[in-house]
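Just below is one structure, and these are the notes that go with it.
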Amino acid sequence: MDMPVNVPVDDPHADTEWNDILRKHGVIPEKPPSPTPMIQEALLEAQKQAYDNRLEDKDLDELRELEDDEDDAFLDKYRQQRMAELSTISTASVYNQVYPLQKPDYSRDVTEASKEAYVLVHLTSSLGTNIESRNLTELWRELAQKFGDIKFCEIRADMCIENYPERNTPTILVYRDGDIKKQIVTLRAIGGEGTTMKDLASLLVEVGAVKPNDHRINLLRKSKTEGPRDGVRNGTQLTEDDDDWD
């Protein structure tokens, strides 16, 4: 009976003539294919997609500026897409303001309303010294104006939930389809006292209230505007002369 022979193999993965012979006779397994071609193919595909989608975050004004650089048919496709998006948002923008809540009407104004659209509730502090809550009130107004298809509401926390801890304010509740989808207790995880419109816009994307490529999100990303009025952020009182926010 033939006895098995131990064939010396220094490195079964090495690309050598001896290893080729061993692979041919099934002594060692075939060498796995090099990942390099697949990586290169993936990189080329990513580059192609980036080029094909180069106009995804452009608004109508920016598309107009590219008329001399891009193909007319290609530009027109994105113009039509932007106009359709604007029309859809305009039709859905029925809120456009911050709605003050009363506890008896909470179920109707929030839970039931969330079956039609996203509803975000700001449970405010009862103390004027809570800078996070004051800042969020200002940002809430801005968000309501920019994202009229989302319902933004506000109610003092202790008037909504008896004995609600002041230390937990401000609290943001995100409702959709009659349920709470997300709860944020204080703004510490978002940006604290320095929370900005961009931070809250990211939250809207995270919870699915707006799409990542929504033109309003893209405008905010490009904007240099950071947060609420400096006077509010710093805890100082604004005068009428300072009030040029709008």
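In the structure tokens, the first chain shown is A, the next is B, and so on; residue numbers restart at 1 for each chain, and ligands run from 1 in the order shown.
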
Among region 87-141 of chain A, which residues does DSSP mark as strand (DSSP E) when it is run on the backbone? Keep the chain and numbering as in the structure and answer as an MDAnalysis selection string.
chainID A and resid 98:100 119:124

Just to confirm, what's the straight-line distance from CA of Ser126 (chain A) to CA of Asp109 (chain A) in Å (one decimal)?
21.5 Å

Work out how far apart CA of Lys151 (chain A) and CA of Leu200 (chain A) are and give it in Å to one decimal.
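Distance reported for this atom pair: 14.2 Å.
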
Would you compute the distance between CA of Cys153 (chain A) and CA of Val121 (chain A)? Give it in Å to one decimal.
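Pair CA of Cys153 (chain A) / CA of Val121 (chain A) returns 4.7 Å.
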
Write out as a VMD selection string each polymer residue whose atoms come within 12 Å of Ser125 (chain A), counting only C-alpha atoms; drop sequence neighbours fewer than 3 positions from it.
chain A and resid 122 128 to 137 154 to 160 164 to 172 185 to 186

Pick out the closest residue to Leu204 (chain A) from this set: A:Ile161, A:Leu219, A:Ile21, A:Leu143. Count only C-alpha atoms.
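Checking each candidate against Leu204 (chain A), we get A:Leu143 as the closest.
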